[in-house]
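Engineer: What follows is structure38.cif, made up of mmCIF, C-alpha atoms:
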data_protein
#
loop_
_atom_site.label_atom_id
_atom_site.label_comp_id
_atom_site.auth_asym_id
_atom_site.auth_seq_id
_atom_site.Cartn_x
_atom_site.Cartn_y
_atom_site.Cartn_z
CA LYS A 1 69.32 117.56 24.82
CA ALA A 2 71.14 116.32 21.74
CA GLY A 3 70.41 118.08 18.48
CA VAL A 4 69.60 116.64 15.09
CA THR A 5 72.34 114.26 13.98
CA GLN A 6 73.06 113.55 10.34
CA THR A 7 75.45 110.89 9.10
CA PRO A 8 77.70 110.81 7.29
CA ARG A 9 78.88 114.44 7.14
CA TYR A 10 80.62 113.99 3.80
CA LEU A 11 80.12 111.52 1.00
CA ILE A 12 81.67 111.08 -2.42
CA LYS A 13 79.93 108.94 -5.02
CA THR A 14 80.05 108.43 -8.76
CA ARG A 15 77.29 108.77 -11.31
CA GLY A 16 74.86 105.87 -11.37
CA GLN A 17 75.47 104.79 -7.80
CA GLN A 18 72.95 105.06 -5.03
CA VAL A 19 73.30 106.58 -1.58
CA THR A 20 71.53 106.47 1.78
CA LEU A 21 71.67 109.35 4.24
CA SER A 22 70.63 109.08 7.85
CA CYS A 23 69.00 111.51 10.25
CA SER A 24 68.36 111.13 13.97
CA PRO A 25 65.89 113.76 15.19
CA ILE A 26 65.81 115.45 18.56
CA SER A 27 64.40 113.11 21.17
CA GLY A 28 60.62 113.39 21.24
CA HIS A 29 60.35 114.95 17.79
CA ARG A 30 58.10 113.00 15.44
CA SER A 31 58.30 115.09 12.28
CA VAL A 32 61.36 114.89 10.05
CA SER A 33 61.83 116.94 6.90
CA TRP A 34 64.55 116.76 4.26
CA TYR A 35 65.92 119.60 2.15
CA GLN A 36 68.43 119.91 -0.67
CA GLN A 37 70.61 123.00 -0.65
CA THR A 38 72.60 124.09 -3.72
CA PRO A 39 74.14 127.44 -4.65
CA GLY A 40 71.92 127.74 -7.70
CA GLN A 41 68.56 126.56 -6.37
CA GLY A 42 68.85 127.44 -2.70
CA LEU A 43 66.91 125.37 -0.18
CA GLN A 44 64.40 123.02 -1.74
CA PHE A 45 61.96 120.85 0.19
CA LEU A 46 62.21 117.14 -0.52
CA PHE A 47 59.70 115.50 1.81
CA GLU A 48 58.39 115.29 5.35
CA TYR A 49 57.70 112.22 7.45
CA PHE A 50 55.51 111.99 10.51
CA SER A 51 54.83 108.80 12.43
CA GLU A 52 56.46 106.68 9.72
CA THR A 53 54.25 108.17 6.98
CA GLN A 54 55.22 110.58 4.24
CA ARG A 55 52.98 113.55 4.88
CA ASN A 56 54.29 116.07 2.39
CA LYS A 57 56.40 115.88 -0.73
CA GLY A 58 58.30 118.40 -2.81
CA ASN A 59 58.87 118.43 -6.53
CA PHE A 60 61.71 115.94 -6.93
CA PRO A 61 61.92 112.87 -9.16
CA GLY A 62 61.18 109.40 -7.87
CA ARG A 63 64.91 108.70 -7.55
CA PHE A 64 64.64 110.53 -4.26
CA SER A 65 62.88 108.54 -1.57
CA GLY A 66 62.79 108.32 2.16
CA ARG A 67 61.42 106.49 5.11
CA GLN A 68 60.96 106.92 8.81
CA PHE A 69 61.30 104.28 11.49
CA SER A 70 59.27 103.76 14.62
CA ASN A 71 61.90 105.61 16.69
CA SER A 72 61.47 108.62 14.34
CA ARG A 73 64.89 108.21 12.77
CA SER A 74 64.74 108.82 9.06
CA GLU A 75 66.73 107.81 6.01
CA MET A 76 66.83 109.35 2.59
CA ASN A 77 67.85 107.38 -0.48
CA VAL A 78 68.90 108.66 -3.86
CA SER A 79 69.27 106.14 -6.67
CA THR A 80 71.02 106.45 -10.03
CA LEU A 81 73.00 109.47 -8.92
CA GLU A 82 73.51 112.36 -11.31
CA LEU A 83 76.07 115.14 -11.23
CA GLY A 84 73.30 117.59 -10.36
CA ASP A 85 72.59 115.72 -7.14
CA SER A 86 75.74 117.20 -5.63
CA ALA A 87 74.44 119.27 -2.73
CA LEU A 88 74.17 119.74 0.99
CA TYR A 89 71.29 117.61 2.25
CA LEU A 90 69.72 118.94 5.40
CA CYS A 91 67.42 117.16 7.80
CA ALA A 92 65.15 119.04 10.20
CA SER A 93 62.94 117.80 13.00
CA SER A 94 60.06 119.27 14.94
CA LEU A 95 57.71 118.02 17.61
CA ALA A 96 54.73 117.43 15.37
CA GLY A 97 55.17 119.59 12.32
CA GLY A 98 52.65 122.24 11.40
CA VAL A 99 53.85 125.70 12.33
CA GLN A 100 56.32 124.51 14.93
CA PRO A 101 59.93 125.54 14.39
CA GLN A 102 62.18 123.06 12.66
CA HIS A 103 65.57 122.24 14.11
CA PHE A 104 68.27 121.45 11.59
CA GLY A 105 71.22 119.11 11.54
CA ASP A 106 74.57 120.14 10.07
CA GLY A 107 73.84 118.28 6.86
CA THR A 108 75.47 115.70 4.64
CA ARG A 109 77.66 117.10 1.88
CA LEU A 110 77.21 114.80 -1.13
CA SER A 111 79.63 115.13 -4.03
CA ILE A 112 79.08 113.25 -7.27
CA LEU A 113 82.10 112.60 -9.50
CA ALA B 1 50.20 130.13 -2.13
CA GLN B 2 53.10 130.84 0.17
CA SER B 3 56.37 132.53 -0.65
CA VAL B 4 58.98 134.85 0.74
CA THR B 5 61.15 137.41 -0.99
CA GLN B 6 64.38 138.49 0.59
CA LEU B 7 65.00 141.85 -0.95
CA ASP B 8 68.79 141.89 -0.68
CA SER B 9 71.06 139.02 -1.64
CA HIS B 10 74.06 140.69 0.04
CA VAL B 11 74.30 143.21 2.87
CA SER B 12 77.52 144.73 4.22
CA VAL B 13 77.69 146.66 7.48
CA SER B 14 80.49 147.91 9.67
CA GLU B 15 80.96 146.35 13.08
CA GLY B 16 78.91 148.21 15.67
CA THR B 17 76.38 149.61 13.18
CA PRO B 18 72.74 148.49 12.82
CA VAL B 19 71.72 145.52 10.71
CA LEU B 20 68.56 145.42 8.57
CA LEU B 21 67.70 142.34 6.52
CA ARG B 22 64.47 142.69 4.58
CA CYS B 23 61.82 140.04 3.98
CA ASN B 24 58.41 140.27 2.35
CA TYR B 25 56.02 137.36 2.44
CA SER B 26 52.99 136.15 0.58
CA SER B 27 50.47 133.89 2.25
CA SER B 28 46.88 132.96 1.61
CA TYR B 29 46.43 132.11 5.27
CA SER B 30 47.60 133.44 8.61
CA PRO B 31 51.32 132.90 8.32
CA SER B 32 53.95 131.78 10.75
CA LEU B 33 57.30 133.36 10.00
CA PHE B 34 60.84 132.48 11.00
CA TRP B 35 64.36 133.74 10.58
CA TYR B 36 67.20 131.24 10.44
CA VAL B 37 70.96 131.80 10.27
CA GLN B 38 73.47 129.51 8.58
CA HIS B 39 77.20 129.66 9.17
CA PRO B 40 79.53 128.01 6.62
CA ASN B 41 79.27 124.22 6.47
CA LYS B 42 76.67 124.19 9.20
CA GLY B 43 72.96 123.62 9.41
CA LEU B 44 70.38 126.33 9.99
CA GLN B 45 69.87 127.77 13.46
CA LEU B 46 66.56 129.31 14.48
CA LEU B 47 66.91 133.01 15.35
CA LEU B 48 63.29 133.84 16.07
CA LYS B 49 59.70 133.00 15.18
CA TYR B 50 56.38 134.78 14.77
CA THR B 51 53.24 132.72 15.32
CA SER B 52 50.44 135.32 15.67
CA ALA B 53 51.30 136.53 19.15
CA ALA B 54 53.20 139.80 19.68
CA THR B 55 54.14 141.49 16.42
CA LEU B 56 57.60 142.45 17.69
CA VAL B 57 59.55 139.29 18.18
CA LYS B 58 62.83 139.07 20.04
CA GLY B 59 65.28 136.34 19.19
CA ILE B 60 68.70 135.14 20.12
CA ASN B 61 71.95 137.12 19.86
CA GLY B 62 70.18 140.48 20.00
CA PHE B 63 68.13 140.04 16.83
CA GLU B 64 64.50 141.03 16.56
CA ALA B 65 61.87 141.22 13.84
CA GLU B 66 58.58 143.01 13.43
CA PHE B 67 55.57 141.48 11.73
CA LYS B 68 53.71 144.10 9.68
CA LYS B 69 50.61 142.65 8.11
CA SER B 70 49.74 145.80 6.17
CA GLU B 71 53.14 145.73 4.50
CA THR B 72 53.44 141.90 4.38
CA SER B 73 56.91 142.31 5.82
CA PHE B 74 59.01 140.62 8.48
CA HIS B 75 62.32 142.46 8.52
CA LEU B 76 65.18 141.33 10.76
CA THR B 77 67.13 143.92 12.73
CA LYS B 78 69.95 144.17 15.22
CA PRO B 79 71.13 147.42 16.82
CA SER B 80 74.84 146.68 16.65
CA ALA B 81 76.56 144.16 14.39
CA HIS B 82 79.28 141.84 15.64
CA MET B 83 81.87 140.05 13.54
CA SER B 84 80.27 136.75 14.53
CA ASP B 85 77.02 137.82 12.83
CA ALA B 86 78.59 137.30 9.39
CA ALA B 87 76.55 134.46 7.89
CA GLU B 88 73.67 133.61 5.56
CA TYR B 89 70.19 134.51 6.78
CA PHE B 90 66.96 132.91 5.63
CA CYS B 91 63.41 134.14 6.02
CA VAL B 92 60.81 131.35 6.11
CA VAL B 93 57.01 131.24 5.92
CA THR B 94 54.66 128.42 6.68
CA SER B 95 51.03 127.97 7.50
CA GLY B 96 49.07 125.35 9.31
CA ASN B 97 46.96 125.09 6.20
CA THR B 98 49.91 123.82 4.17
CA GLY B 99 51.06 121.05 6.45
CA ASN B 100 54.62 121.28 7.52
CA GLN B 101 56.08 122.66 4.33
CA PHE B 102 58.43 125.54 4.99
CA TYR B 103 58.98 128.02 2.19
CA PHE B 104 62.48 129.52 2.27
CA GLY B 105 63.69 132.78 0.84
CA THR B 106 66.81 132.78 -1.29
CA GLY B 107 68.92 134.04 1.58
CA THR B 108 70.82 137.21 2.45
CA SER B 109 74.55 137.04 2.94
CA LEU B 110 75.65 139.40 5.71
CA THR B 111 79.21 140.69 5.72
CA VAL B 112 80.49 142.55 8.78
CA ILE B 113 83.42 144.87 8.14
CA PRO B 114 85.82 145.38 11.05
#
Would you put the structure from the file into structure tokens?
Structural biologist:
Amino acid sequence: KAGVTQTPRYLIKTRGQQVTLSCSPISGHRSVSWYQQTPGQGLQFLFEYFSETQRNKGNFPGRFSGRQFSNSRSEMNVSTLELGDSALYLCASSLAGGVQPQHFGDGTRLSIL
Amino acid sequence: AQSVTQLDSHVSVSEGTPVLLRCNYSSSYSPSLFWYVQHPNKGLQLLLKYTSAATLVKGINGFEAEFKKSETSFHLTKPSAHMSDAAEYFCVVTSGNTGNQFYFGTGTSLTVIP
């Protein structure tokens, strides 16, 4: 069974631009969560989608948004990029959320110049 | 409220010696607890999980953890460290009462000395 796939693996953008990251969950998984990982802040929860609906949201500004499609694939968008948005963005999927284990992709490394 | 505290940011052990990575949790509800490992430039891999069944949980690669409610701890152990165990380890707590939000510890970096 294929794991969680995130594309692209690496991305370089400049301040003010916007970016879209993609995540394909494990087949059959309906919950997708997004995390930002930085050396200073560690792993921070962005949001979780289940059946195309945002079910849970972390404490990030509105520049960070996401969506989920009917096939459970998810995208995350960041607008008006700032230098501080440089991070590893991780996507995780689980069957239905709750206390079920999350399975992580290898992440998208976003660098802002 | 849910949170985890990983008591050591860095742990160094010699190859072949035991590993102990410490984690204390705080949870208002019956918690589910996980340990994940992250190798450089990779995502997180699930090592093991506790979801209110047996308190001693066995995971992959020889790791195990014991849930101790009285001590609010969930320490990760391995009898004998291998070079390939060098990585970042994260303790995670969640609860069905808080949706699917996972609360991560700050991580413990494990160095294995040959």
Engineer: What is the distance between atom CA of Pro114 of chain B and atom CA of Asn61 of chain B, in Å to one decimal?
Structural biologist: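 For atom CA of Pro114 of chain B relative to atom CA of Asn61 of chain B, the distance reads 18.4 Å.
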Engineer: Do you have the atom CA of Ser109 of chain B-atom CA of Gln6 of chain B distance handy?
Structural biologist: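 The value is 10.5 Å.
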Engineer: Identify all residues satisfying the PyMOL selection byres ((chain A) within 10 of (chain B)) in the given file; provide them as number ranges by chain.
Structural biologist: A: 4, 9, 31-33, 35, 39-50, 55-58, 88-92, 94, 96-109
Engineer: Atom CA of Gln2 of chain B and atom CA of Ser26 of chain B are how many Å apart?
Structural biologist: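 Value for the atom CA of Gln2 of chain B-atom CA of Ser26 of chain B distance: 5.3 Å.
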Engineer: Name the residues that the PyMOL selection byres ((chain B and resi 80) around 8) pulls out of this structure, and write them as a list in words.
Structural biologist: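 Selection result, ordered by chain and number: Glu15, Gly16, Thr17, Pro18, Val19, Lys78, Pro79, Ala81 and His82 of chain B.
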Engineer: Take the residues that were just selected and, keeping C-alpha atoms, output them as a compact mmCIF listing (two decimals), keeping the file's coordinate frame.
Structural biologist:
# COMPACT_ATOMS: atom_id res chain seq x y z
CA GLU B 15 80.96 146.35 13.08
CA GLY B 16 78.91 148.21 15.67
CA THR B 17 76.38 149.61 13.18
CA PRO B 18 72.74 148.49 12.82
CA VAL B 19 71.72 145.52 10.71
CA LYS B 78 69.95 144.17 15.22
CA PRO B 79 71.13 147.42 16.82
CA ALA B 81 76.56 144.16 14.39
CA HIS B 82 79.28 141.84 15.64
Engineer: Which residues, named as in the file, does the PyMOL selection byres ((chain A and resi 59-76) around 6) pick out? Answer as a list in words.
Structural biologist: Thr20, Leu21, Ser22, Cys23, Ser24, Arg30, Glu52, Gly58, Asn77, Val78 and Ser79 of chain A
Engineer: Can you pull out the residues contacting His75 of chain B? Cut-off 8 Å, using all atoms listed in the file, and skip same-chain residues under 2 positions away; I want them as number ranges by chain.
Structural biologist: B: 20-24, 65-67, 73, 77
